2 protein chains.
Amino acid sequence: MANIAKKVSWSGKNDETRGERTPLLNGSEEVRYNRQLSGGPIFHIGRLSTVDLEEDIATEEDPVRSRPKEIPHNEKLLSLKYESLDYDNSENQLFLEEERRMSHMGFRCLEISRWVICGLIGVFTGLIACFIDIVVEKLAGVKYSVVKKNIEMFTEVGGLSISLLLWVVLNSAFVMVGAIIVTCFEPIAAGSGIPQIKCYLNGVKVPRVVRLKTLVVKVCGVICSVAGGLAVGKEGPMIHSGAVVAAGVSQGRSTSLKKDFKIFEYFRRDTEKRDFVSAGAAAGVSAAFGAPVGGVLFSLEEGASFWNQMLTWRIFFASMISTFTLNLVLSVYHNKTTELSSPGLINFGTFDLECVQYSLYEIPLFICMGAIGGLLGALFNLLNYWLTIFRIRYVHRPCLQVMEAMMVAAVTASVSFAMIYLSNDCKPLKMDNSEEYPLQLFCADGEYNAMATTFFNTPERSVRSLFHNPRGTYNLLTLGFFTLTYFFLACWTYGLMVSAGVFIPSLLIGAAWGRLFGVLLPNKTFIKPIWADPGKYALMGAAAQLGGIVRMTLSLTVILVEATGNVTYGFPIMLVLMTAKIVGDYFIEGLYDIHIKLQSVPFLHWEAPATSHWLTAREVMSSPVTCFNQLEKVGTIMDFLSNTATNHNGFPVIVQASGEQSGKLCGLILRSQLIVLLKHKVFVERAHSRLHQRKLQLKDFRDAYPRFPPIQSIHVSQDERECMMDLSEFMNPTPYTVPQETSLPRVFKLFRALGLRHLVVVDDVNKVVGLVTRKDLARYHMGKHGLEELHLAQM
Amino acid sequence: MANIAKKVSWSGKNDETRGERTPLLNGSEEVRYNRQLSGGPIFHIGRLSTVDLEEDIATEEDPVRSRPKEIPHNEKLLSLKYESLDYDNSENQLFLEEERRMSHMGFRCLEISRWVICGLIGVFTGLIACFIDIVVEKLAGVKYSVVKKNIEMFTEVGGLSISLLLWVVLNSAFVMVGAIIVTCFEPIAAGSGIPQIKCYLNGVKVPRVVRLKTLVVKVCGVICSVAGGLAVGKEGPMIHSGAVVAAGVSQGRSTSLKKDFKIFEYFRRDTEKRDFVSAGAAAGVSAAFGAPVGGVLFSLEEGASFWNQMLTWRIFFASMISTFTLNLVLSVYHNKTTELSSPGLINFGTFDLECVQYSLYEIPLFICMGAIGGLLGALFNLLNYWLTIFRIRYVHRPCLQVMEAMMVAAVTASVSFAMIYLSNDCKPLKMDNSEEYPLQLFCADGEYNAMATTFFNTPERSVRSLFHNPRGTYNLLTLGFFTLTYFFLACWTYGLMVSAGVFIPSLLIGAAWGRLFGVLLPNKTFIKPIWADPGKYALMGAAAQLGGIVRMTLSLTVILVEATGNVTYGFPIMLVLMTAKIVGDYFIEGLYDIHIKLQSVPFLHWEAPATSHWLTAREVMSSPVTCFNQLEKVGTIMDFLSNTATNHNGFPVIVQASGEQSGKLCGLILRSQLIVLLKHKVFVERAHSRLHQRKLQLKDFRDAYPRFPPIQSIHVSQDERECMMDLSEFMNPTPYTVPQETSLPRVFKLFRALGLRHLVVVDDVNKVVGLVTRKDLARYHMGKHGLEELHLAQM
């Protein structure tokens, strides 16, 4: 049992844990031991390799590295820097009074404002998508014309290296700008943002994730990285953008701009905000893929544990409005007002009706493709996992990060150029001009270079070409080489400090090898007319690859179905995604989950680990707990809140009486509430003096939300320290509680279903014995050898 | 306050209530009064009109009417005959031991069996759909040929009345058979079954709803009613059928057939069964409409309060398999194996690609159609509501019910005949034979009667014709008359004692007036090419009408999108459904909700009524509660269980000790568990004697599930009555509890999110003071004048 006692000790700020965490209570250790003897599963502690552990500690103590994000991460650790969102209302007396004052009509107005907000979220998200789309198209056009002119010029005079250089410099410059704004202004805007939004919807408060600044950086960053020719998509970031829009609109103010519109004040709390952020994420998906239903399912699959019909409808409404706005604006922009044919940023194009069929004989093929996708996806994730660990260890200075991004851009450009140079896949130039960027390059007149086209197009366009171009558009070598290079480029690119999504590169890789697969099929069989179309296989390959990387099934099926605009392929796509997930999960987790783990986020999965029934709240909870009396001295409260060693967020309130009643739980109060109370000096002694008229209202709490001032900013005089505060009016009088014997899955279910932040553990006379928070539950997970426990670490 | 005290008293069995329900505790009455004085919302008791009340009581005492379902219902009452499903596991020692014995591999096997079961559910549901489809088609073909031959024969000799008679008799005979099997064998199989499945998924145990017999009656019944030419569809019943299949397959046995396959024993409890029933319902929707995603959303929208990712994927899998099975079998049956073109029972056909567009100018038109749909839907529901009340009052004998069904069949046939006779909407017979049943009737040679076609076709075919036939196929009068008559016929038909769905008739009515709307639009405008297709308006009309009647939005949008096979219409369909719902809800509830209310089912909505924050658990709970000691005398338990006046289902277990500890809650035990214990005579005194070897296991409880024997069937000798039973091993040691001050919305949320059946209310020293069950929560609802309370009634 030696390794049980070996725990990472920490100091400094630790959110939501209360008091020194006793490594293991004697009692529970005994229980555990007994259970082992009686044949129960063996409790296996995830053991930190000594090297890792020492490194962690060394880094923490290293005075040179001051930025907390530079500390090496480890997926066997659970970071203490993340707080939780509280999905549970504090039903204190102020709240009840407000509810009582509100008429039936008032509730109806609230309901209507919720719909209005969702509509606004949809509109703004759609507009942002339009902006990104138009700017990227414009920049791509400019870049293309410059490069084309130069290539043609220099090809004639033979100076290929100059045009290569031009291309490399151009791309690197774009990427440099993108990387600099991300690293310097808002590092959280890096990547696709989907892991962060997953965490937010799960109930983890990721710092700065839904701020206006993040949105601005995200949008500019994604434009730069796409224009820089990286193997990235502009779709993933839309989800993050939608979420930020939602958080901003629903609060009716911007703290960054210091502008308060004095509207939607009722919604200034975690519960409501999280609902709107779900809608925003859905709207983002909807705008990105033209998939409103897929957006709703994405939000639900990733976030909502509690399904509420009205909420779902509002989310759906936001999604619909978002795709409609995008459609409308882009149609107007392209002068096609009567068509409304751009429901999403990516458009898979229309499959011919006669091709939109599959026969029974193809189903094994699809399953086979799913398996390939799963394998390739797992490989992708594994490589990216190693790369990310490498980056965490060695590439954590902003300048290094910018340089890496520029290097990737340069390599991407060079590799593309080399491949274009080496391949001579010339195709006759068609009249219908389906390729917008035909490059003649080394081809004869009237022909264009297919490889160059694939690399020069925006990835979205290339996906569409792979889906729809007739058989024979690409030769086998082109497809093969393209798959190979793009696979590694995309893998290298994901995780750079630029804003970019992984959806489109995955789709593109998959479409390339899928098309290859389709072309390689023996095409002289009795069912030739159906097999004749390699585009179908490109679609399935795209689905397989994407499924193998991100491992979503239901929402992804719907997104792909909506993006193709056709439900016939629903069943094969589902089969492919299912197979890819099963095969991929055998090797490694999904990409987003890997990144969430590597950031040591206390993420709660859907259910407690299967074999955890014999763990009880007593073993899981943190104890002892800092409690306050109903009538508490200001000094005591100030001291507790100021104690940086125990940066608690929730405090059970106990009855202050003599005898039997003493110590019984009677409520729960949050740090944020206490801070507002202290700021307004709501002390018992002052109640009868000048402040009597102005009673503290819920509005005061809302005004301070979500950036409550730190305790250090509140000044309390020595006299005031002797005053008393009556917490009974402000505490939540009926927090959810569980007895100590409750099993972990029951605690987990309660926690997850109600979206709790604190769960009080009481004994059989209702006295507080412990407190369960998100981290106490997220620590346990199924490892290879059974139940494992993550270590808590301050980083 | 007089009406508060006036409560319906009852005797006889009342599930889940414990002890005489004190009409109102003095304390709570006082609280209520005080709150009124202090400006809170006025508590408005739903007042029974004296007439209704007296009628109810009179009927209950009427010795002639013995069948409980004959007692008049009232939507201001809440029936006590419905029990709850328990979604919360009883984590007693037996359970924990079983979990501990189970290895990691064991859990994986369970997970795989869940997937296998879902696959089987899909396959069987698909097969049932095929069976219904094929038999209905065959019968319709036979009927058509007989009638056509006769009509042609008699039309020549002028004896129209004879062919009318033949038609009427034929239809009535079919309907008679259908009505007789439903009324005599399984009345629960009447109607579409959707309200019942909604209730089941909500957590209400509707008696006999998922039995094999119900399935057989349902399938035969729906075949008869569709073949009988009623204005019904075969789609609604598929949802019920899928649910029954799921309940059967997942339990691995049939109690009706007395066949136990000894498989899937782990799943024999409410929690697991309900999950599978969700999958079954989804599979049913999927098979009916070829809409797997729609099926998943239907299940979630109607049932699941707790969204679990893995569960959702399994549901999706079942749906996909179901539609695939149907597709495969029907394709093989129609010799089109390479096409797989029948994903659902109803197929909306393919809209031409060039028509699948809408312009901005059409959006107001769609909203307008939504409003019309909402109005017509509300009218439909209102008429059906009156009709249902009439039926409950006067048409409750089986013979009357059969006669009414036959009458409707006869009237339907006659009206159709009259309309065919009166209209002379002759169209030239086309060569492509898109109408399978062209009737010449009174038309010239080479022409066919359009009205006759509409009435003679299966409704599914008519819907398709309305969607796709080119402009000019129907004249205005035909459409108008058809809408009118079919509206009233469908309204009259819904609620008959036959198995039938309301989806298709609604779609048909809507398609008819929608097409009328489309045809009436000025077609000489500058945007003519888009308006030219009235089929689009038929689709929108169908959506509007269906939405106005059933008031689903998200799932219905997806179902319709999947059924049309095209996502472009997603946005207009959503707009139309949303408008229809808003307009309709202004007047009256959705059809299914009306029927649920009229059956006085304790249905829990998504959230507690908005203005109920000031109601607390103390006022809501039932008290006093019958509690057992941990070590209880067999005689006491027998007496309590046998007491028919207080037919309790859940009993808190309290600590039996002297002094302070006495009376504290330490567990919760269910009636069903006690019965199994009594049956196996698990008495303390016997523990050391012969039964020592055979320890009671979870298997014994599972074997008895779900039809636990009644207490009367258990014989306990006088000696045994003096024995003691130790409940501590079998009770749930950590039931969820709330303090008395918890507000109704908090209790509600806990109850709904965790799917509870019993929630123990404790005081501040953990002593039991009350118990909250589903009925205690379902009693409160928002009425026109604020919060209203339903009366509990035994019926």
# chains A, B, ... in the order shown; residues from 1 in each chain; ligands from 1
call {"tool": "residues_around", "arguments": {"residues": "stretch 235-250 of chain A", "least_positions_apart": "5", "cutoff": "8 Å", "atoms": "only C-alpha atoms", "output": "ChimeraX atom specification"}}
result
/A:117-118,120-121,124-125,128-129,191-194,197,209-212,214-215,218-219,222,264,267-268,273-274,276-285,287-289,345-346,499-504
call {"tool": "residues_around", "arguments": {"residues": "stretch 720-724 of chain B", "least_positions_apart": "2", "cutoff": "6 Å", "atoms": "only C-alpha atoms", "output": "CSV table (one decimal) with C-alpha atoms, in the first residue's frame"}}
result
chain,number,residue,atom,x,y,z
B,632,GLU,CA,-39.2,-6.1,11.7
B,633,LYS,CA,-41.8,-8.7,12.7
B,634,VAL,CA,-43.2,-10.7,9.8
B,635,GLY,CA,-46.7,-10.3,11.0
B,683,PHE,CA,-36.6,-14.8,8.3
B,684,VAL,CA,-33.9,-14.4,10.9
B,717,SER,CA,-48.4,-19.4,9.1
B,718,GLN,CA,-49.2,-18.1,12.6
call {"tool": "closest_residue", "arguments": {"among": "A:Gly535, A:Asp593, A:Lys427, A:Gln656", "to": "A:Thr564", "atoms": "only C-alpha atoms"}}
result
A:Gly535
call {"tool": "select_by_dssp", "arguments": {"residues": "stretch 510-574 of chain A", "states": "helix (DSSP H, G or I)", "output": "ChimeraX atom specification"}}
result
/A:510-520,528-531,534-550,554-564,570-574
call {"tool": "closest_residue", "arguments": {"among": "A:Leu698, A:Met574, A:Leu670, A:Val620", "to": "chain B", "atoms": "only C-alpha atoms"}}
result
A:Met574
call {"tool": "residues_around", "arguments": {"residues": "stretch 106-113 of chain B", "least_positions_apart": "6", "cutoff": "10 Å", "atoms": "only C-alpha atoms", "output": "list of chain:residue names"}}
result
A:Ala610, A:Thr611, B:Glu99, B:Gly119, B:Ser250, B:Ile263, B:Phe264, B:Tyr266, B:Phe267, B:Met310
call {"tool": "residues_around", "arguments": {"residues": "A:Ser90", "least_positions_apart": "3", "cutoff": "12 Å", "atoms": "only C-alpha atoms", "output": "mmCIF file with N, CA, C and O atoms, in the first residue's frame"}}
result
data_model
loop_
_atom_site.group_PDB
_atom_site.id
_atom_site.type_symbol
_atom_site.label_atom_id
_atom_site.label_comp_id
_atom_site.auth_asym_id
_atom_site.auth_seq_id
_atom_site.Cartn_x
_atom_site.Cartn_y
_atom_site.Cartn_z
ATOM 1 N N ASP A 86 -21.666 26.244 -11.807
ATOM 2 C CA ASP A 86 -22.716 25.770 -10.910
ATOM 3 C C ASP A 86 -24.030 25.759 -11.662
ATOM 4 O O ASP A 86 -24.561 26.802 -11.993
ATOM 5 N N TYR A 87 -24.531 24.575 -11.945
ATOM 6 C CA TYR A 87 -25.776 24.504 -12.699
ATOM 7 C C TYR A 87 -26.976 24.501 -11.755
ATOM 8 O O TYR A 87 -28.106 24.500 -12.185
ATOM 9 N N GLN A 93 -33.258 33.318 0.097
ATOM 10 C CA GLN A 93 -34.471 34.117 0.312
ATOM 11 C C GLN A 93 -34.625 35.227 -0.715
ATOM 12 O O GLN A 93 -35.739 35.538 -1.134
ATOM 13 N N LEU A 94 -33.497 35.803 -1.142
ATOM 14 C CA LEU A 94 -33.589 36.859 -2.153
ATOM 15 C C LEU A 94 -34.214 36.304 -3.428
ATOM 16 O O LEU A 94 -35.088 36.912 -4.044
ATOM 17 N N PHE A 95 -33.763 35.107 -3.794
ATOM 18 C CA PHE A 95 -34.273 34.479 -5.007
ATOM 19 C C PHE A 95 -35.766 34.203 -4.884
ATOM 20 O O PHE A 95 -36.553 34.509 -5.778
ATOM 21 N N LEU A 96 -36.138 33.643 -3.744
ATOM 22 C CA LEU A 96 -37.550 33.303 -3.555
ATOM 23 C C LEU A 96 -38.412 34.558 -3.574
ATOM 24 O O LEU A 96 -39.503 34.567 -4.138
ATOM 25 N N ARG A 269 -26.185 34.305 -14.518
ATOM 26 C CA ARG A 269 -25.742 33.253 -13.598
ATOM 27 C C ARG A 269 -25.363 32.035 -14.429
ATOM 28 O O ARG A 269 -25.755 31.910 -15.600
ATOM 29 N N ASP A 270 -24.615 31.155 -13.801
ATOM 30 C CA ASP A 270 -24.052 30.015 -14.523
ATOM 31 C C ASP A 270 -25.104 29.180 -15.239
ATOM 32 O O ASP A 270 -24.930 28.775 -16.385
ATOM 33 N N THR A 271 -26.214 28.920 -14.546
ATOM 34 C CA THR A 271 -27.231 28.044 -15.115
ATOM 35 C C THR A 271 -27.689 28.535 -16.473
ATOM 36 O O THR A 271 -27.664 27.796 -17.464
ATOM 37 N N GLY A 650 -16.944 26.926 -1.753
ATOM 38 C CA GLY A 650 -18.261 26.677 -1.169
ATOM 39 C C GLY A 650 -18.102 26.324 0.293
ATOM 40 O O GLY A 650 -17.210 25.552 0.645
ATOM 41 N N GLY A 667 -27.291 25.072 5.416
ATOM 42 C CA GLY A 667 -27.221 25.783 4.147
ATOM 43 C C GLY A 667 -25.846 25.689 3.530
ATOM 44 O O GLY A 667 -24.947 25.034 4.060
ATOM 45 N N LEU A 668 -25.711 26.336 2.393
ATOM 46 C CA LEU A 668 -24.433 26.341 1.688
ATOM 47 C C LEU A 668 -24.250 27.740 1.108
ATOM 48 O O LEU A 668 -25.171 28.294 0.505
ATOM 49 N N ILE A 669 -23.101 28.319 1.328
ATOM 50 C CA ILE A 669 -22.868 29.649 0.772
ATOM 51 C C ILE A 669 -21.600 29.632 -0.063
ATOM 52 O O ILE A 669 -20.668 28.873 0.220
ATOM 53 N N LEU A 670 -21.597 30.422 -1.118
ATOM 54 C CA LEU A 670 -20.480 30.415 -2.045
ATOM 55 C C LEU A 670 -19.534 31.568 -1.735
ATOM 56 O O LEU A 670 -19.938 32.599 -1.214
ATOM 57 N N SER A 672 -18.327 33.577 -3.851
ATOM 58 C CA SER A 672 -18.744 34.765 -4.595
ATOM 59 C C SER A 672 -19.817 35.532 -3.835
ATOM 60 O O SER A 672 -19.813 36.760 -3.808
ATOM 61 N N GLN A 673 -20.728 34.799 -3.202
ATOM 62 C CA GLN A 673 -21.777 35.477 -2.438
ATOM 63 C C GLN A 673 -21.179 36.214 -1.239
ATOM 64 O O GLN A 673 -21.537 37.352 -0.956
ATOM 65 N N LEU A 698 -30.804 40.614 -5.375
ATOM 66 C CA LEU A 698 -30.167 39.662 -6.279
ATOM 67 C C LEU A 698 -29.383 40.394 -7.356
ATOM 68 O O LEU A 698 -28.377 39.912 -7.868
ATOM 69 N N PHE A 701 -25.733 40.764 -6.788
ATOM 70 C CA PHE A 701 -24.945 39.582 -7.090
ATOM 71 C C PHE A 701 -24.748 39.459 -8.603
ATOM 72 O O PHE A 701 -23.689 39.096 -9.089
ATOM 73 N N GLU A 729 -29.937 34.608 5.129
ATOM 74 C CA GLU A 729 -30.790 35.126 4.055
ATOM 75 C C GLU A 729 -30.181 34.857 2.678
ATOM 76 O O GLU A 729 -30.867 34.853 1.671
ATOM 77 N N PHE A 730 -28.875 34.645 2.657
ATOM 78 C CA PHE A 730 -28.178 34.577 1.368
ATOM 79 C C PHE A 730 -27.726 33.171 0.982
ATOM 80 O O PHE A 730 -27.457 32.894 -0.168
ATOM 81 N N MET A 731 -27.639 32.316 1.981
ATOM 82 C CA MET A 731 -27.171 30.956 1.688
ATOM 83 C C MET A 731 -28.269 30.174 0.967
ATOM 84 O O MET A 731 -29.436 30.531 0.997
ATOM 85 N N ASN A 732 -27.862 29.127 0.311
ATOM 86 C CA ASN A 732 -28.824 28.195 -0.253
ATOM 87 C C ASN A 732 -29.298 27.311 0.887
ATOM 88 O O ASN A 732 -28.523 26.528 1.432
ATOM 89 N N PRO A 733 -30.590 27.442 1.284
ATOM 90 C CA PRO A 733 -31.007 26.767 2.518
ATOM 91 C C PRO A 733 -31.172 25.255 2.354
ATOM 92 O O PRO A 733 -31.224 24.542 3.338
ATOM 93 N N THR A 734 -31.272 24.776 1.127
ATOM 94 C CA THR A 734 -31.504 23.344 0.952
ATOM 95 C C THR A 734 -30.526 22.770 -0.064
ATOM 96 O O THR A 734 -30.921 22.363 -1.160
ATOM 97 N N PRO A 735 -29.238 22.733 0.295
ATOM 98 C CA PRO A 735 -28.293 22.109 -0.639
ATOM 99 C C PRO A 735 -28.553 20.605 -0.698
ATOM 100 O O PRO A 735 -29.073 20.024 0.258
ATOM 101 N N TYR A 736 -28.199 20.018 -1.826
ATOM 102 C CA TYR A 736 -28.358 18.570 -1.922
ATOM 103 C C TYR A 736 -27.318 17.901 -1.040
ATOM 104 O O TYR A 736 -26.168 18.351 -0.967
ATOM 105 N N LEU A 756 -24.058 19.788 -10.374
ATOM 106 C CA LEU A 756 -23.679 20.398 -9.102
ATOM 107 C C LEU A 756 -22.230 20.876 -9.122
ATOM 108 O O LEU A 756 -21.422 20.465 -9.944
ATOM 109 N N ARG A 757 -21.929 21.724 -8.177
ATOM 110 C CA ARG A 757 -20.558 22.154 -7.968
ATOM 111 C C ARG A 757 -20.065 21.665 -6.607
ATOM 112 O O ARG A 757 -18.920 21.306 -6.455
ATOM 113 N N HIS A 758 -20.962 21.680 -5.644
ATOM 114 C CA HIS A 758 -20.624 21.175 -4.312
ATOM 115 C C HIS A 758 -21.727 20.229 -3.867
ATOM 116 O O HIS A 758 -22.905 20.533 -4.043
ATOM 117 N N THR B 742 -37.193 22.230 1.239
ATOM 118 C CA THR B 742 -36.833 22.257 -0.172
ATOM 119 C C THR B 742 -38.020 22.720 -1.017
ATOM 120 O O THR B 742 -39.149 22.286 -0.788
ATOM 121 N N SER B 743 -37.742 23.582 -1.963
ATOM 122 C CA SER B 743 -38.844 24.100 -2.773
ATOM 123 C C SER B 743 -39.292 23.056 -3.784
ATOM 124 O O SER B 743 -38.528 22.156 -4.151
ATOM 125 N N ARG B 746 -37.056 22.367 -6.816
ATOM 126 C CA ARG B 746 -35.864 21.568 -6.513
ATOM 127 C C ARG B 746 -36.205 20.099 -6.379
ATOM 128 O O ARG B 746 -35.505 19.226 -6.896
#
call {"tool": "closest_residue", "arguments": {"among": "B:Leu677, B:Val768, B:Cys491, B:Val136", "to": "chain A", "atoms": "only C-alpha atoms"}}
result
B:Val768
call {"tool": "closest_residue", "arguments": {"among": "B:Thr478, B:Thr646, B:Ser416, B:Thr323", "to": "chain A", "atoms": "only C-alpha atoms"}}
result
B:Thr323
